[in-house]
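Structure data (TSV, C-alpha atoms) from target.tsv:
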```tsv
chain	number	residue	atom	x	y	z
A	208	MET	CA	12.20	-19.17	-2.60
A	209	LEU	CA	13.92	-16.87	-5.08
A	210	ALA	CA	17.48	-15.76	-4.35
A	211	PRO	CA	17.58	-12.07	-3.31
A	212	ALA	CA	19.34	-10.95	-6.51
A	213	ARG	CA	16.74	-12.62	-8.74
A	214	ALA	CA	13.87	-11.33	-6.63
A	215	LEU	CA	15.16	-7.76	-6.70
A	216	ALA	CA	15.50	-7.90	-10.48
A	217	ARG	CA	11.72	-8.10	-10.52
A	218	LEU	CA	11.42	-4.64	-9.01
A	219	ALA	CA	12.06	-3.32	-12.53
A	220	ARG	CA	13.82	-0.15	-11.54
A	221	ALA	CA	15.18	2.01	-14.30
A	222	ALA	CA	18.94	2.66	-14.52
A	223	PRO	CA	20.07	1.69	-11.01
A	224	ARG	CA	22.53	4.19	-9.56
A	225	THR	CA	26.10	3.35	-8.71
A	226	GLY	CA	28.70	5.27	-6.68
A	227	ARG	CA	28.65	8.76	-8.22
A	228	ALA	CA	24.91	8.84	-8.90
A	229	ALA	CA	24.16	7.61	-5.40
A	230	ALA	CA	26.34	10.39	-4.00
A	231	SER	CA	24.34	12.94	-6.00
A	232	ALA	CA	21.11	11.60	-4.54
A	233	SER	CA	22.64	11.80	-1.08
A	234	ALA	CA	23.45	15.44	-1.70
A	235	GLY	CA	19.82	16.14	-2.48
A	236	ALA	CA	19.91	16.17	-6.29
A	237	PRO	CA	16.42	16.48	-7.81
A	238	SER	CA	14.84	13.33	-9.18
A	239	THR	CA	11.93	12.71	-11.52
A	240	PRO	CA	9.06	10.89	-9.79
A	241	PRO	CA	7.60	7.86	-11.53
A	242	PRO	CA	4.19	8.04	-13.26
A	243	LEU	CA	1.07	8.05	-11.11
A	244	ALA	CA	0.70	4.58	-9.57
A	245	THR	CA	-2.84	3.22	-9.88
A	246	ARG	CA	-2.37	-0.48	-9.14
A	247	LEU	CA	-0.99	-0.82	-5.61
A	248	ALA	CA	0.25	-3.66	-3.42
A	249	PHE	CA	1.05	-3.49	0.29
A	250	LEU	CA	3.85	-5.33	2.05
A	251	ALA	CA	3.89	-5.36	5.87
A	252	VAL	CA	7.13	-6.62	7.43
A	253	GLY	CA	7.51	-8.04	10.91
A	254	ASP	CA	7.49	-11.26	12.93
A	255	GLU	CA	5.23	-9.49	15.42
A	256	LEU	CA	2.52	-9.09	12.77
A	257	LEU	CA	2.61	-12.77	11.83
A	258	SER	CA	2.46	-13.91	15.47
A	259	GLY	CA	-0.43	-11.62	16.29
A	260	ALA	CA	1.58	-9.76	18.94
A	261	VAL	CA	0.92	-6.55	16.99
A	262	THR	CA	-2.11	-5.82	14.82
A	263	ASP	CA	-1.41	-4.15	11.50
A	264	ALA	CA	-3.12	-0.75	11.49
A	265	ASN	CA	-1.30	0.62	8.46
A	266	THR	CA	-2.64	-1.41	5.56
A	267	PRO	CA	-6.39	-0.84	6.22
A	268	TRP	CA	-5.79	2.89	6.75
A	269	ALA	CA	-3.70	3.25	3.59
A	270	ALA	CA	-6.02	1.12	1.48
A	271	THR	CA	-9.01	3.24	2.48
A	272	ARG	CA	-7.19	6.52	1.88
A	273	LEU	CA	-5.60	5.59	-1.46
A	274	THR	CA	-8.68	3.83	-2.81
A	275	ALA	CA	-10.51	7.11	-2.23
A	276	ARG	CA	-7.93	8.66	-4.56
A	277	GLY	CA	-8.81	6.18	-7.31
A	278	ALA	CA	-6.10	3.58	-6.66
A	279	ASP	CA	-6.78	-0.14	-7.08
A	280	VAL	CA	-5.30	-2.37	-4.38
A	281	VAL	CA	-4.34	-5.67	-6.03
A	282	GLU	CA	-2.74	-7.48	-3.07
A	283	ALA	CA	-1.54	-7.14	0.52
A	284	SER	CA	1.09	-9.46	2.01
A	285	PHE	CA	2.70	-10.01	5.41
A	286	VAL	CA	6.26	-11.27	5.62
A	287	ARG	CA	8.67	-12.16	8.40
A	288	ASP	CA	11.87	-10.31	9.29
A	289	ASP	CA	13.96	-12.17	6.75
A	290	GLU	CA	15.94	-10.60	3.91
A	291	GLN	CA	15.23	-13.33	1.38
A	292	ALA	CA	11.52	-13.39	2.18
A	293	ILE	CA	11.21	-9.60	1.96
A	294	ALA	CA	13.09	-9.40	-1.35
A	295	ALA	CA	11.18	-12.29	-2.91
A	296	THR	CA	7.78	-10.98	-1.85
A	297	ALA	CA	8.51	-7.42	-2.97
A	298	GLY	CA	9.71	-8.73	-6.32
A	299	ARG	CA	6.59	-10.82	-6.81
A	300	LEU	CA	4.26	-7.96	-5.89
A	301	ALA	CA	6.07	-5.63	-8.29
A	302	LEU	CA	5.13	-7.91	-11.18
A	303	THR	CA	1.45	-6.92	-11.00
A	304	ALA	CA	1.50	-3.53	-9.21
A	305	ASP	CA	2.58	-0.06	-10.29
A	306	ALA	CA	3.88	0.52	-6.77
A	307	VAL	CA	4.52	-1.57	-3.67
A	308	VAL	CA	4.06	0.24	-0.34
A	309	ALA	CA	6.23	-1.55	2.23
A	310	SER	CA	6.17	-0.85	5.95
A	311	GLY	CA	8.27	-1.98	8.90
A	312	GLY	CA	11.76	-3.25	9.50
A	313	VAL	CA	13.60	0.10	9.24
A	314	GLY	CA	14.52	0.66	12.90
A	315	PRO	CA	17.89	0.29	14.69
A	316	THR	CA	17.60	-3.29	15.98
A	317	HIS	CA	19.10	-6.50	14.60
A	318	ASP	CA	15.85	-7.67	13.03
A	319	ASP	CA	15.25	-4.44	11.08
A	320	VAL	CA	16.42	-5.72	7.71
A	321	THR	CA	14.07	-4.18	5.14
A	322	TYR	CA	16.61	-1.71	3.73
A	323	ALA	CA	19.23	-4.44	3.42
A	324	ALA	CA	16.71	-6.80	1.82
A	325	LEU	CA	15.87	-4.28	-0.90
A	326	ALA	CA	19.35	-2.84	-1.41
A	327	GLY	CA	20.43	-5.43	-3.99
A	328	ARG	CA	24.07	-5.74	-5.01
A	329	ALA	CA	24.76	-2.05	-4.41
A	330	GLY	CA	24.28	-2.63	-0.68
A	331	LEU	CA	23.74	0.08	1.91
A	332	ALA	CA	25.38	3.47	2.25
A	333	ARG	CA	25.06	6.11	4.94
A	334	HIS	CA	22.84	8.84	3.52
A	335	ALA	CA	24.26	12.27	4.30
A	336	GLY	CA	20.94	14.11	4.08
A	337	THR	CA	19.29	11.72	6.52
A	338	VAL	CA	22.24	12.04	8.92
A	339	ARG	CA	21.90	15.82	8.90
A	340	ALA	CA	18.16	15.57	9.55
A	341	MET	CA	18.79	13.14	12.41
A	342	GLN	CA	21.44	15.40	13.96
A	343	GLU	CA	19.01	18.32	13.96
A	344	SER	CA	16.09	16.28	15.33
A	345	TYR	CA	17.99	14.44	18.04
A	346	GLY	CA	19.95	17.56	19.00
A	347	ARG	CA	16.77	19.58	19.39
A	348	ARG	CA	15.39	16.94	21.76
A	349	GLY	CA	18.62	16.51	23.67
A	350	VAL	CA	18.83	12.81	22.75
A	351	PRO	CA	22.26	11.31	21.96
A	352	LEU	CA	22.68	10.25	18.33
A	353	THR	CA	24.33	6.88	18.91
A	354	GLU	CA	25.83	4.63	16.28
A	355	ALA	CA	22.87	2.29	16.69
A	356	ARG	CA	20.51	5.13	15.81
A	357	LEU	CA	22.71	6.23	12.92
A	358	THR	CA	22.27	2.82	11.29
A	359	MET	CA	18.77	4.04	10.39
A	360	ALA	CA	20.51	6.38	7.91
A	361	ASP	CA	22.11	3.38	6.13
A	362	LEU	CA	19.86	3.35	3.07
A	363	PRO	CA	19.96	1.36	-0.17
A	364	ALA	CA	22.83	2.93	-2.12
A	365	ALA	CA	20.97	2.48	-5.40
A	366	ALA	CA	17.72	4.03	-4.17
A	367	ASP	CA	15.91	5.92	-6.89
A	368	GLU	CA	14.61	8.53	-4.46
A	369	VAL	CA	15.06	9.54	-0.83
A	370	LEU	CA	12.13	11.81	0.02
A	371	THR	CA	11.71	14.06	3.03
A	372	THR	CA	8.53	14.81	4.99
A	373	PRO	CA	7.85	17.89	7.13
A	374	GLY	CA	7.71	17.00	10.81
A	375	THR	CA	10.01	13.97	10.77
A	376	TRP	CA	13.55	13.07	9.84
A	377	VAL	CA	12.51	9.56	8.73
A	378	PRO	CA	12.87	9.32	4.94
A	379	LEU	CA	10.56	7.76	2.40
A	380	VAL	CA	12.87	5.62	0.29
A	381	ARG	CA	11.94	4.41	-3.18
A	382	VAL	CA	13.77	1.48	-4.74
A	383	GLY	CA	12.25	0.86	-8.15
A	384	LYS	CA	8.55	0.31	-7.56
A	385	VAL	CA	8.91	-0.17	-3.81
A	386	TYR	CA	8.28	2.67	-1.35
A	387	ILE	CA	9.75	1.87	2.07
A	388	LEU	CA	8.02	3.37	5.12
A	389	PRO	CA	8.38	2.88	8.87
A	390	GLY	CA	5.93	0.58	10.59
A	391	VAL	CA	5.06	2.96	13.44
A	392	PRO	CA	1.48	4.00	12.56
A	393	LYS	CA	1.91	7.69	13.45
A	394	LEU	CA	4.97	8.03	11.20
A	395	TYR	CA	3.54	5.81	8.49
A	396	ARG	CA	0.42	7.96	8.20
A	397	MET	CA	2.34	11.24	8.32
A	398	ILE	CA	4.73	10.19	5.56
A	399	LEU	CA	2.21	8.50	3.29
A	400	ALA	CA	-0.23	11.40	3.56
A	401	ALA	CA	2.53	13.84	2.59
A	402	HIS	CA	3.33	11.87	-0.58
A	403	GLU	CA	-0.05	10.41	-1.49
A	404	GLY	CA	-0.14	12.47	-4.68
A	405	ARG	CA	2.00	9.74	-6.25
A	406	PHE	CA	-0.82	7.21	-5.94
A	407	GLY	CA	-4.29	7.18	-7.43
A	408	GLY	CA	-6.23	7.32	-10.66
A	409	PRO	CA	-9.64	8.14	-12.10
A	410	LEU	CA	-12.31	7.59	-9.47
A	411	PRO	CA	-14.81	4.84	-10.32
A	412	SER	CA	-18.55	5.38	-10.24
A	413	VAL	CA	-20.28	3.29	-7.56
A	414	ALA	CA	-23.84	2.07	-7.07
A	415	THR	CA	-25.23	0.02	-4.18
A	416	LEU	CA	-28.35	-2.14	-4.20
A	417	LEU	CA	-30.25	-4.00	-1.47
A	418	THR	CA	-32.08	-7.32	-1.70
A	419	ARG	CA	-34.21	-9.36	0.66
A	420	LEU	CA	-32.83	-12.56	-0.84
A	421	GLY	CA	-30.10	-14.52	0.93
A	422	GLU	CA	-26.55	-14.49	-0.39
A	423	GLY	CA	-26.91	-18.10	-1.54
A	424	ASP	CA	-30.00	-17.11	-3.54
A	425	VAL	CA	-28.30	-14.24	-5.35
A	426	ALA	CA	-25.06	-16.11	-6.06
A	427	MET	CA	-25.94	-17.65	-9.42
A	428	PRO	CA	-27.88	-14.72	-10.92
A	429	LEU	CA	-25.14	-12.35	-9.72
A	430	ARG	CA	-22.55	-14.51	-11.46
A	431	GLU	CA	-24.58	-14.29	-14.67
A	432	VAL	CA	-24.92	-10.51	-14.41
A	433	ALA	CA	-21.18	-10.18	-13.77
A	434	GLY	CA	-20.48	-12.31	-16.84
A	435	ARG	CA	-22.55	-9.99	-19.02
A	436	HIS	CA	-20.72	-6.88	-17.74
A	437	PRO	CA	-16.96	-7.66	-17.57
A	438	GLY	CA	-16.02	-3.99	-17.16
A	439	VAL	CA	-17.93	-3.72	-13.88
A	440	LYS	CA	-16.89	-5.04	-10.47
A	441	LEU	CA	-19.80	-6.67	-8.65
A	442	GLY	CA	-19.80	-7.89	-5.06
A	443	SER	CA	-22.33	-9.10	-2.48
A	444	TYR	CA	-22.05	-8.46	1.27
A	445	ILE	CA	-24.25	-9.85	4.04
A	446	LEU	CA	-25.74	-7.10	6.21
A	447	ASP	CA	-24.66	-7.15	9.85
A	448	ASP	CA	-25.52	-5.36	13.09
A	449	GLY	CA	-24.10	-2.13	11.71
A	450	ASP	CA	-26.97	-2.13	9.18
A	451	ALA	CA	-29.73	-2.54	11.76
A	452	ALA	CA	-32.17	-0.26	9.92
A	453	ARG	CA	-31.70	-2.18	6.65
A	454	VAL	CA	-32.08	-5.52	8.44
A	455	ALA	CA	-35.22	-4.29	10.18
A	456	GLY	CA	-36.56	-3.46	6.74
A	457	GLY	CA	-36.15	-7.08	5.73
A	458	PHE	CA	-33.00	-6.71	3.66
A	459	ASN	CA	-30.29	-9.37	3.84
A	460	VAL	CA	-27.61	-8.49	1.30
A	461	ARG	CA	-26.00	-5.34	-0.09
A	462	LEU	CA	-24.73	-5.48	-3.67
A	463	ARG	CA	-21.97	-3.10	-4.76
A	464	ALA	CA	-21.18	-2.28	-8.38
A	465	SER	CA	-18.30	-0.07	-9.51
A	466	SER	CA	-16.70	0.91	-12.80
A	467	ARG	CA	-14.71	3.74	-14.35
A	468	ASP	CA	-17.15	3.56	-17.28
A	469	PRO	CA	-20.43	5.21	-16.14
A	470	ALA	CA	-22.39	3.80	-19.08
A	471	ALA	CA	-21.19	0.27	-18.33
A	472	LEU	CA	-22.11	0.73	-14.66
A	473	ALA	CA	-25.60	1.96	-15.51
A	474	ALA	CA	-26.18	-1.05	-17.77
A	475	ALA	CA	-25.02	-3.48	-15.10
A	476	VAL	CA	-27.24	-1.88	-12.44
A	477	GLU	CA	-30.32	-2.10	-14.66
A	478	ASP	CA	-29.50	-5.74	-15.37
A	479	ALA	CA	-29.09	-6.46	-11.64
A	480	LEU	CA	-32.35	-4.73	-10.75
A	481	GLY	CA	-34.18	-7.01	-13.10
A	482	ALA	CA	-32.34	-10.22	-12.28
A	483	LEU	CA	-31.87	-10.06	-8.51
A	484	ALA	CA	-35.13	-8.68	-7.06
A	485	CYS	CA	-33.26	-5.79	-5.52
A	486	GLU	CA	-33.63	-2.02	-5.19
A	487	ARG	CA	-31.30	0.93	-5.13
A	488	GLU	CA	-29.92	1.92	-1.76
A	489	GLU	CA	-30.68	5.47	-0.74
A	490	ALA	CA	-27.66	7.58	0.13
```
Please, can you express the file's structure as structure tokens?
Amino acid sequence: MLAPARALARLARAAPRTGRAAASASAGAPSTPPPLATRLAFLAVGDELLSGAVTDANTPWAATRLTARGADVVEASFVRDDEQAIAATAGRLALTADAVVASGGVGPTHDDVTYAALAGRAGLARHAGTVRAMQESYGRRGVPLTEARLTMADLPAAADEVLTTPGTWVPLVRVGKVYILPGVPKLYRMILAAHEGRFGGPLPSVATLLTRLGEGDVAMPLREVAGRHPGVKLGSYILDDGDAARVAGGFNVRLRASSRDPAALAAAVEDALGALACEREEA
């Protein structure tokens, strides 16, 4: 496994902040957001996810929502509560993605180590803006703001951005390409939805076809069609009980074609119609 310093170098952040710059960020200085991120990777942190004690609800929700905005999800990874593992995995994902959306490991307990894992050599620093937001939130609810809770305001000192979200004090922290979110689904969805304008791209055109052939029968001709149309994504999916009407009609497989080039998509669909004994699916 990569050492944390080497792994974090892969995050490719521009001009990491040191003391004075970090203090400016803490004071709420404006920052320039990165370009729109089209290629996304997801990183879910937590021993409980790997053991099956908790089922990840965040990644499927985010993938569905951000894909609808034109983003391409290139990978999703689960990692244990371990600083080296988190840093190494985030660094690897950042090699192929425009942004890595990380969730989990930002609470007050001993195994919440995501901030520390991604802090690099600059380490953690108590973020004044987050402390103020916590004081207001906890005070309003009459809950004591203990030192254990205040550790959740110890953010990567070299963070490129610390973003706020209406309705919660929990920040969205960006370190290079990595956006760090809480693992609690309600908070995760609230925060990501508020900042989803940073992710997306041109929406692809999509066409779906149905065939009465089995998936094994369409495999080779589908491979040949895909080879003739490299700019089009082609996939085959066996129909299940959720497609009872299609199954009753004798169909076995749904084919899905997508591309950001409408002309390329149209050519691939015509090719598939002729090669795979299929028909267009009605909307």
Find the residues of region 375-442 of chain A that sit at most 12 Å from region 467-488 of chain A; for each, write down the nearest two atoms and how far apart they are in Å, to one decimal. Count all atoms listed in the file. Sort by chain, then by number going up, and give it as CSV.
```
residue,atom,partner,partner_atom,distance
A:Gly408,CA,A:Arg467,CA,9.9
A:Pro409,CA,A:Arg467,CA,7.1
A:Leu410,CA,A:Arg467,CA,6.7
A:Pro411,CA,A:Arg467,CA,4.2
A:Ser412,CA,A:Arg467,CA,5.9
A:Val413,CA,A:Leu472,CA,7.8
A:Ala414,CA,A:Val476,CA,7.5
A:Thr415,CA,A:Glu488,CA,5.6
A:Leu416,CA,A:Arg487,CA,4.4
A:Leu417,CA,A:Cys485,CA,5.4
A:Thr418,CA,A:Cys485,CA,4.3
A:Arg419,CA,A:Cys485,CA,7.2
A:Leu420,CA,A:Ala484,CA,7.7
A:Gly421,CA,A:Leu483,CA,10.6
A:Glu422,CA,A:Leu483,CA,10.7
A:Gly423,CA,A:Leu483,CA,11.7
A:Asp424,CA,A:Leu483,CA,8.8
A:Val425,CA,A:Leu483,CA,6.3
A:Ala426,CA,A:Leu483,CA,9.4
A:Met427,CA,A:Leu483,CA,9.7
A:Pro428,CA,A:Ala482,CA,6.5
A:Leu429,CA,A:Leu483,CA,7.2
A:Arg430,CA,A:Ala479,CA,10.4
A:Glu431,CA,A:Ala482,CA,9.1
A:Val432,CA,A:Ala479,CA,6.4
A:Ala433,CA,A:Ala475,CA,7.8
A:Gly434,CA,A:Ala475,CA,10.1
A:Arg435,CA,A:Ala475,CA,8.0
A:His436,CA,A:Ala475,CA,6.1
A:Pro437,CA,A:Ala471,CA,9.0
A:Gly438,CA,A:Ala471,CA,6.8
A:Val439,CA,A:Leu472,CA,6.2
A:Lys440,CA,A:Leu472,CA,8.8
A:Leu441,CA,A:Ala475,CA,8.9
A:Gly442,CA,A:Ala479,CA,11.5
```
Legend entry - Surrounding residues of region 247-263 of chain A excluding itself and chain neighbours under 4 positions, 7 Å, only C-alpha atoms, as an MDAnalysis selection string: chainID A and resid 278:288 300 304:312
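Here CA of Thr245 (chain A) and CA of Asp289 (chain A) stand 28.2 Å from one another.
Here CA of Thr274 (chain A) stands at a distance of 23.8 Å from CA of Glu368 (chain A).
Coordinates place CA of Pro378 (chain A) at a distance of 19.5 Å from CA of Pro351 (chain A).
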Legend entry - Residue neighbourhood Leu399 (chain A), 10 Å, all atoms listed in the file, exclusion window fewer than 3 positions, as a list in words: Ala269, Arg272, Leu273, Val308, Thr372, Leu379, Tyr386, Leu388, Leu394, Tyr395, Arg396, His402, Glu403, Gly404, Arg405 and Phe406 of chain A
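Nearest to Val369 (chain A) of all the residues A:Thr303, A:Asn459, A:Thr337, A:Thr353 is A:Thr337, counting only C-alpha atoms.
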Put the listed atoms of region 374-392 of chain A in a box along x, y and z with 5 Å added on every side and give me the centre and edge lengths in Å to one decimal, as lines of an AutoDock Vina configuration file.
```
center_x = 7.6
center_y = 8.4
center_z = 2.6
size_x = 22.3
size_y = 27.2
size_z = 31.6
```
Inset, instruction - Measuring atom to atom with all atoms listed in the file, identify which of A:Leu362, A:Arg356, A:Met397, A:Val382 is nearest to Gly314 (chain A). - result: A:Arg356
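Minimum atom-to-atom distances from A:Arg461, A:Ala323, A:Ala329, A:Ala366 to Asp447 (chain A) were compared using only C-alpha atoms, and the lowest value belongs to A:Arg461.
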Mind dumping region 340-351 of chain A from that block, keeping all heavy atoms, as a PDB file, in the first residue's frame?
```pdb
ATOM      1  N   ALA A 340     -20.670  27.847  13.483  1.00  0.00           N
ATOM      2  CA  ALA A 340     -21.904  27.202  13.049  1.00  0.00           C
ATOM      3  C   ALA A 340     -22.353  26.146  14.049  1.00  0.00           C
ATOM      4  O   ALA A 340     -23.555  25.988  14.314  1.00  0.00           O
ATOM      5  CB  ALA A 340     -21.702  26.580  11.666  1.00  0.00           C
ATOM      6  N   MET A 341     -21.396  25.408  14.620  1.00  0.00           N
ATOM      7  CA  MET A 341     -21.731  24.416  15.631  1.00  0.00           C
ATOM      8  C   MET A 341     -22.282  25.082  16.885  1.00  0.00           C
ATOM      9  O   MET A 341     -23.264  24.606  17.478  1.00  0.00           O
ATOM     10  CB  MET A 341     -20.496  23.581  15.972  1.00  0.00           C
ATOM     11  CG  MET A 341     -20.011  22.689  14.844  1.00  0.00           C
ATOM     12  SD  MET A 341     -18.544  21.726  15.308  1.00  0.00           S
ATOM     13  CE  MET A 341     -19.287  20.491  16.386  1.00  0.00           C
ATOM     14  N   GLN A 342     -21.671  26.169  17.325  1.00  0.00           N
ATOM     15  CA  GLN A 342     -22.134  26.866  18.526  1.00  0.00           C
ATOM     16  C   GLN A 342     -23.582  27.313  18.360  1.00  0.00           C
ATOM     17  O   GLN A 342     -24.402  27.158  19.274  1.00  0.00           O
ATOM     18  CB  GLN A 342     -21.226  28.068  18.803  1.00  0.00           C
ATOM     19  CG  GLN A 342     -19.850  27.689  19.290  1.00  0.00           C
ATOM     20  CD  GLN A 342     -18.894  28.881  19.346  1.00  0.00           C
ATOM     21  OE1 GLN A 342     -19.076  29.871  18.630  1.00  0.00           O
ATOM     22  NE2 GLN A 342     -17.877  28.781  20.183  1.00  0.00           N
ATOM     23  N   GLU A 343     -23.913  27.841  17.194  1.00  0.00           N
ATOM     24  CA  GLU A 343     -25.274  28.291  16.946  1.00  0.00           C
ATOM     25  C   GLU A 343     -26.241  27.111  16.925  1.00  0.00           C
ATOM     26  O   GLU A 343     -27.313  27.159  17.541  1.00  0.00           O
ATOM     27  CB  GLU A 343     -25.334  29.040  15.611  1.00  0.00           C
ATOM     28  CG  GLU A 343     -26.728  29.530  15.258  1.00  0.00           C
ATOM     29  CD  GLU A 343     -26.751  30.258  13.918  1.00  0.00           C
ATOM     30  OE1 GLU A 343     -25.675  30.637  13.422  1.00  0.00           O
ATOM     31  OE2 GLU A 343     -27.861  30.418  13.377  1.00  0.00           O
ATOM     32  N   SER A 344     -25.858  26.020  16.224  1.00  0.00           N
ATOM     33  CA  SER A 344     -26.748  24.870  16.091  1.00  0.00           C
ATOM     34  C   SER A 344     -26.968  24.165  17.421  1.00  0.00           C
ATOM     35  O   SER A 344     -28.114  23.893  17.815  1.00  0.00           O
ATOM     36  CB  SER A 344     -26.166  23.883  15.068  1.00  0.00           C
ATOM     37  OG  SER A 344     -26.938  22.711  15.001  1.00  0.00           O
ATOM     38  N   TYR A 345     -25.877  23.878  18.123  1.00  0.00           N
ATOM     39  CA  TYR A 345     -26.009  23.165  19.392  1.00  0.00           C
ATOM     40  C   TYR A 345     -26.683  24.041  20.448  1.00  0.00           C
ATOM     41  O   TYR A 345     -27.474  23.550  21.267  1.00  0.00           O
ATOM     42  CB  TYR A 345     -24.642  22.687  19.873  1.00  0.00           C
ATOM     43  CG  TYR A 345     -24.177  21.424  19.174  1.00  0.00           C
ATOM     44  CD1 TYR A 345     -23.556  21.480  17.930  1.00  0.00           C
ATOM     45  CD2 TYR A 345     -24.378  20.176  19.742  1.00  0.00           C
ATOM     46  CE1 TYR A 345     -23.131  20.328  17.274  1.00  0.00           C
ATOM     47  CE2 TYR A 345     -23.959  19.011  19.107  1.00  0.00           C
ATOM     48  CZ  TYR A 345     -23.344  19.099  17.866  1.00  0.00           C
ATOM     49  OH  TYR A 345     -22.943  17.957  17.221  1.00  0.00           O
ATOM     50  N   GLY A 346     -26.373  25.344  20.433  1.00  0.00           N
ATOM     51  CA  GLY A 346     -27.004  26.248  21.384  1.00  0.00           C
ATOM     52  C   GLY A 346     -28.505  26.334  21.169  1.00  0.00           C
ATOM     53  O   GLY A 346     -29.292  26.350  22.128  1.00  0.00           O
ATOM     54  N   ARG A 347     -28.918  26.382  19.935  1.00  0.00           N
ATOM     55  CA  ARG A 347     -30.341  26.474  19.617  1.00  0.00           C
ATOM     56  C   ARG A 347     -31.097  25.248  20.105  1.00  0.00           C
ATOM     57  O   ARG A 347     -32.259  25.322  20.510  1.00  0.00           O
ATOM     58  CB  ARG A 347     -30.497  26.639  18.104  1.00  0.00           C
ATOM     59  CG  ARG A 347     -31.935  26.883  17.654  1.00  0.00           C
ATOM     60  CD  ARG A 347     -31.997  27.257  16.174  1.00  0.00           C
ATOM     61  NE  ARG A 347     -31.445  26.214  15.322  1.00  0.00           N
ATOM     62  CZ  ARG A 347     -30.308  26.324  14.639  1.00  0.00           C
ATOM     63  NH1 ARG A 347     -29.586  27.434  14.729  1.00  0.00           N
ATOM     64  NH2 ARG A 347     -29.877  25.331  13.873  1.00  0.00           N
ATOM     65  N   ARG A 348     -30.421  24.098  20.094  1.00  0.00           N
ATOM     66  CA  ARG A 348     -31.059  22.845  20.525  1.00  0.00           C
ATOM     67  C   ARG A 348     -30.843  22.547  22.001  1.00  0.00           C
ATOM     68  O   ARG A 348     -31.358  21.553  22.513  1.00  0.00           O
ATOM     69  CB  ARG A 348     -30.517  21.686  19.683  1.00  0.00           C
ATOM     70  CG  ARG A 348     -30.953  21.733  18.224  1.00  0.00           C
ATOM     71  CD  ARG A 348     -30.346  20.597  17.431  1.00  0.00           C
ATOM     72  NE  ARG A 348     -28.916  20.782  17.207  1.00  0.00           N
ATOM     73  CZ  ARG A 348     -28.027  19.802  17.101  1.00  0.00           C
ATOM     74  NH1 ARG A 348     -28.408  18.539  17.274  1.00  0.00           N
ATOM     75  NH2 ARG A 348     -26.769  20.056  16.867  1.00  0.00           N
ATOM     76  N   GLY A 349     -30.071  23.379  22.657  1.00  0.00           N
ATOM     77  CA  GLY A 349     -29.804  23.155  24.070  1.00  0.00           C
ATOM     78  C   GLY A 349     -28.926  21.957  24.342  1.00  0.00           C
ATOM     79  O   GLY A 349     -29.005  21.329  25.407  1.00  0.00           O
ATOM     80  N   VAL A 350     -28.053  21.623  23.399  1.00  0.00           N
ATOM     81  CA  VAL A 350     -27.147  20.481  23.521  1.00  0.00           C
ATOM     82  C   VAL A 350     -25.744  21.009  23.822  1.00  0.00           C
ATOM     83  O   VAL A 350     -25.273  21.931  23.153  1.00  0.00           O
ATOM     84  CB  VAL A 350     -27.132  19.655  22.217  1.00  0.00           C
ATOM     85  CG1 VAL A 350     -26.132  18.502  22.311  1.00  0.00           C
ATOM     86  CG2 VAL A 350     -28.527  19.129  21.920  1.00  0.00           C
ATOM     87  N   PRO A 351     -25.059  20.449  24.833  1.00  0.00           N
ATOM     88  CA  PRO A 351     -23.715  20.945  25.154  1.00  0.00           C
ATOM     89  C   PRO A 351     -22.730  20.669  24.023  1.00  0.00           C
ATOM     90  O   PRO A 351     -22.706  19.583  23.454  1.00  0.00           O
ATOM     91  CB  PRO A 351     -23.340  20.164  26.416  1.00  0.00           C
ATOM     92  CG  PRO A 351     -24.220  18.959  26.412  1.00  0.00           C
ATOM     93  CD  PRO A 351     -25.491  19.373  25.742  1.00  0.00           C
TER      94      PRO A 351
END
```
